[in-house]
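Q: One structure, pasted below without further comment.
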There are 2 protein chains.
Amino acid sequence: MSLSLLLEHLKKTAALEQVAGIISWDQETMMPQKGAVQRAEQTGVLAGIIHQQNSDPRIPEWIATIDEKEISNFDKVNIKQAKRDYDNATKVPEKLAQTIAKASTEGQMIWAKAREASDFKMFSPALEKLLHLKREEAQCLSDNHDNLYDALLDQFEPGAKTDTLLPLLEGLREPLVALREKIAGKPKPKIFEGSFPADQQLALTQKLAKQLGYDFDAGRIDISTHPFSSGGGGDSRITTRVDENDPLNCLYSTAHEVGHALYAQGAPDPFLPAAQYCSMGVHESQSRFWENQISRSRPFAQWLYPEMKSHFPELNISSPEEFYRAVNKVETGFIRTEADEVHYNLHVLLRFELERELVSGNLEVKDLEAEWNNRFKQYFGLDVKDVKLGVLQDVHWSVGLFGYFPTYSLGNIYSACLDKAMRIDMPNRNQDIAKGEAANTLNWLREKIHHKGKLLPAEDLIQSATNQAPSAQPLIEYLEDKYSDLYNL
Amino acid sequence: MSLSLLLEHLKKTAALEQVAGIISWDQETMMPQKGAVQRAEQTGVLAGIIHQQNSDPRIPEWIATIDEKEISNFDKVNIKQAKRDYDNATKVPEKLAQTIAKASTEGQMIWAKAREASDFKMFSPALEKLLHLKREEAQCLSDNHDNLYDALLDQFEPGAKTDTLLPLLEGLREPLVALREKIAGKPKPKIFEGSFPADQQLALTQKLAKQLGYDFDAGRIDISTHPFSSGGGGDSRITTRVDENDPLNCLYSTAHEVGHALYAQGAPDPFLPAAQYCSMGVHESQSRFWENQISRSRPFAQWLYPEMKSHFPELNISSPEEFYRAVNKVETGFIRTEADEVHYNLHVLLRFELERELVSGNLEVKDLEAEWNNRFKQYFGLDVKDVKLGVLQDVHWSVGLFGYFPTYSLGNIYSACLDKAMRIDMPNRNQDIAKGEAANTLNWLREKIHHKGKLLPAEDLIQSATNQAPSAQPLIEYLEDKYSDLYNL
């Protein structure tokens, strides 16, 4: 009885969160500009109701009367998640939560202006305020006040700790720097030239998404400034963007978001918490897998290149192999979101270390720009001449997202673990992929990851899917193999 | 203090209603088909929360402590509306409200199937059930159990009574029948022939909407099965539909929905009840005014015909006058939504009398089809051979909308009252309209109707705008003048 009341309550909360997701999607894709003021009010009211739902005092009462011995594993996880959401909603005083929400909205606006003006000082007071508030929040959330950063990280990667993440992620640094340095002196591949009409990019994008297994009866693709995926179950939408000078942006951001959406479409139940995604790191593993291990692979170029050629008859690339080389060009640059596979995690590592120091108080906001630029020079060999290409490039910190960045690298690590295991399980995968057939690949992920929801913690989920404890080794091997071959190292 | 708490509460309710509006709009325009089950849950949860908001026991407590002498007219109306919504939400037991909601959803599904199968008997049990439930609801709502129909009517047209509506609406019957009979023997105007590409229809539609004053920064036009308008204030959206064989459907349904949306965009506040639309009849007066008095007028043909010609170069109509005649063709038909201005209200009158008899118990559902067909023959001179063209044509009763139909004719009556007054106030309106300039017309409506919100009851609002008590006379005169000229009567 208590269990069914609890589940009904959780379902209601999930439905409200889905509604919040839809109006947020609408805001980024459909809403007329003058709707912004009303939308802010609508979003705030809904957030308040969801907070009430999560902090409903009946939740611990229901849970206290449920006999855990009598119930399924699935429901145990539902209860665990309800407890977790209840704790998160009640440990942080409502006043503080509201102050943080407001400071995040303001922070993003100020960040956008500061970035536009390439002026870090314009942004630093807002960042300082947010950092202060997020430390306060972490103190409320954390049972152990020693590590505030872990309390923030835990929001995105449940159960993860700096102490265990650090060796995993830091293990990437040396091999990636070595790889980058070996590639640096090698001849560059041909690059894409010409103009790529928007309608053709979108048509190709639809075809690509379908080919990867995205169910258009349970989703749709629209345009937004920054690509994202949202929703879940029967309504898992994605967005993309189009740059007529660069077809790869639209193509690979779609493959990335399709990866997220396939995970969402594969959830075993649209509402209950135990059926939802395991962690942000696992979510990112899905997007990066379909973006990199599949869509940027040599076999997939066999399918994708002729499609490119048919959509862009004047394409200056003349074979699948040349296409494969072009879409895997390695080049040191300033921007994380434009980084190739070799550089990407180095960008994340920089942020991971800086945000840990910010949260611990070892680094002050006033020194952040200089520190970013110093370390960027040290790790990437480039001078940051414009802060817009430096510390102001990412939105995350401006909206209080501290502890989010490492999940990107975790996603890359997990995707390589999954890829390695899948190749053992499916020796013919490359032949399928070369024909554009992804159904077996998707089914493997459905069974081992998507249908598992939150039943296992992230590390255990990856271990159960791959029969190995997750480590950075598969990613390092994958990158070394791929790029040694590409660049004749 | 009580007042500000009440207003804050009302604003929150309005924000939630807007959210419900957005997800309903999304459902009709954007949602992938597999999202339906989740959407039903989301909609239900939101409806429950809105019901809680409206029935919050603090509402009468707040109201009881407000000194009405101390507050503005605007806030008096806010209070009145809060009281009204509170009464409506609390007089009907939650169990009954839920049963009705469920029966309406089922009713619509069964109706759609019965219509498809042209089988009234398939639908009649569901209708009987709904009618029973709506009578029960009316008993709860009505302080005076004598007239249940008035309790239902009041939901759409606050304060309206059958006794006062009846002479107003019935006054239309004789002159309209006479007009129809005079037109019947006259030569028919030329009709539109050819194919009208969807993209051109949509382009023209955008241009038309803009010309009528629709603010695209506060709205957007999309496609749906049935055109509708939704939202309000800075986010007032409309939909249209496209039939490649019939450009008038898209054109005039857009003009109609633009009329609704101009009213919504002109609301003086996006949230507070006193700032919202006065009644369904007044809302319909706005849509019908822009659809008929403006967009189907001879002067507007001067602007619209060349636009048609440029969007459809092969148009078989060769002058603004011929265009004007073609879009005002009078022809007796079965379907209300396709009816011309002369027949439209006769369709409404039929429904108005039948639904009064259904609610009062003078007519039984089992006799409805036969009764519809008898009276249709009597009033329109046509035999209904297919129930899909008869009593199954409208969705309204299948979702429990009894008391809604008369607001359509009320809208036509009001639109003619406004048109008459406006022509006196603006003797040059026709010259403006012939150039496609509608700004003065819109400003007149903004000032006299839109900005007034709910400050006055519908009849008083029309009286204040026109300096005359509303009557059917302006509509009769308008129709007799227009069609006597068109058909040389």
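Ligands are numbered from 1 in the order shown, residues from 1 within each chain, and chains are lettered A, B, ... in the order they appear in the structure tokens.
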Give me every strand (DSSP E) residue in range 127-299 of chain B, going by DSSP on the backbone, as a ChimeraX atom specification.
A: /B:221-223,229-232,235-240
Q: Using only C-alpha atoms, find the residues of chain A whose closest atom to chain B is at most 7 Å away, then write them as an mmCIF file with N, CA and C atoms, in the first residue's frame.
A:
data_model
loop_
_atom_site.group_PDB
_atom_site.id
_atom_site.type_symbol
_atom_site.label_atom_id
_atom_site.label_comp_id
_atom_site.auth_asym_id
_atom_site.auth_seq_id
_atom_site.Cartn_x
_atom_site.Cartn_y
_atom_site.Cartn_z
ATOM 1 N N LYS A 12 3.873 10.835 -10.714
ATOM 2 C CA LYS A 12 3.361 12.205 -10.851
ATOM 3 C C LYS A 12 4.521 13.198 -10.964
ATOM 4 N N ALA A 15 6.013 12.895 -14.372
ATOM 5 C CA ALA A 15 5.176 13.531 -15.392
ATOM 6 C C ALA A 15 5.389 15.044 -15.381
ATOM 7 N N LEU A 16 5.499 15.620 -14.184
ATOM 8 C CA LEU A 16 5.729 17.060 -14.089
ATOM 9 C C LEU A 16 7.116 17.441 -14.608
ATOM 10 N N VAL A 19 6.862 17.541 -18.262
ATOM 11 C CA VAL A 19 6.225 18.787 -18.698
ATOM 12 C C VAL A 19 7.252 19.924 -18.688
ATOM 13 N N PRO A 32 7.955 32.054 -29.456
ATOM 14 C CA PRO A 32 8.220 33.401 -29.970
ATOM 15 C C PRO A 32 8.926 34.232 -28.890
ATOM 16 N N GLN A 33 9.737 35.191 -29.336
ATOM 17 C CA GLN A 33 10.612 35.876 -28.373
ATOM 18 C C GLN A 33 9.866 36.589 -27.249
ATOM 19 N N LYS A 34 8.685 37.124 -27.563
ATOM 20 C CA LYS A 34 7.966 37.855 -26.516
ATOM 21 C C LYS A 34 7.325 36.926 -25.478
ATOM 22 N N GLY A 35 7.469 35.626 -25.693
ATOM 23 C CA GLY A 35 6.958 34.682 -24.703
ATOM 24 C C GLY A 35 7.897 34.488 -23.521
ATOM 25 N N GLU A 41 8.124 32.700 -15.753
ATOM 26 C CA GLU A 41 7.159 32.500 -14.666
ATOM 27 C C GLU A 41 6.658 31.043 -14.653
ATOM 28 N N GLN A 42 6.276 30.548 -15.828
ATOM 29 C CA GLN A 42 5.780 29.166 -15.934
ATOM 30 C C GLN A 42 6.829 28.171 -15.412
ATOM 31 N N VAL A 45 7.185 28.402 -11.580
ATOM 32 C CA VAL A 45 6.049 27.790 -10.874
ATOM 33 C C VAL A 45 6.164 26.267 -10.912
ATOM 34 N N ASP A 217 8.881 7.947 -34.683
ATOM 35 C CA ASP A 217 7.546 7.934 -34.078
ATOM 36 C C ASP A 217 7.610 8.233 -32.582
ATOM 37 N N ALA A 218 8.822 8.253 -32.051
ATOM 38 C CA ALA A 218 8.996 8.542 -30.621
ATOM 39 C C ALA A 218 9.964 9.719 -30.447
ATOM 40 N N GLY A 219 10.010 10.594 -31.447
ATOM 41 C CA GLY A 219 10.913 11.728 -31.351
ATOM 42 C C GLY A 219 10.838 12.619 -32.583
ATOM 43 N N ARG A 220 11.647 13.659 -32.620
ATOM 44 C CA ARG A 220 11.698 14.558 -33.761
ATOM 45 C C ARG A 220 13.003 15.347 -33.662
ATOM 46 N N GLY A 234 8.510 7.444 -25.145
ATOM 47 C CA GLY A 234 7.852 7.667 -26.425
ATOM 48 C C GLY A 234 7.985 9.068 -26.979
ATOM 49 N N ASP A 235 8.656 9.949 -26.249
ATOM 50 C CA ASP A 235 8.801 11.329 -26.721
ATOM 51 C C ASP A 235 10.208 11.829 -26.387
#
Q: Excluding same-chain residues fewer than 6 positions from Gln276 in chain A, what lies within 8 Å of it counting only C-alpha atoms, as a ChimeraX atom specification?
A: /A:264,267-270,453-454
Q: Name the residues in contact with Phe334 in chain A at a cut-off of 7 Å, using only C-alpha atoms, excluding same-chain residues fewer than 2 positions from it; report them as a list in words.
A: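 The contact residues come out as Arg336, Leu389 and Gly390 of chain A.
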Q: Between CA of Ala434 in chain A and CA of Lys210 in chain A, what is the distance in Å, rounded to a tenth?
A: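 Going from CA of Ala434 in chain A over to CA of Lys210 in chain A covers 15.5 Å.
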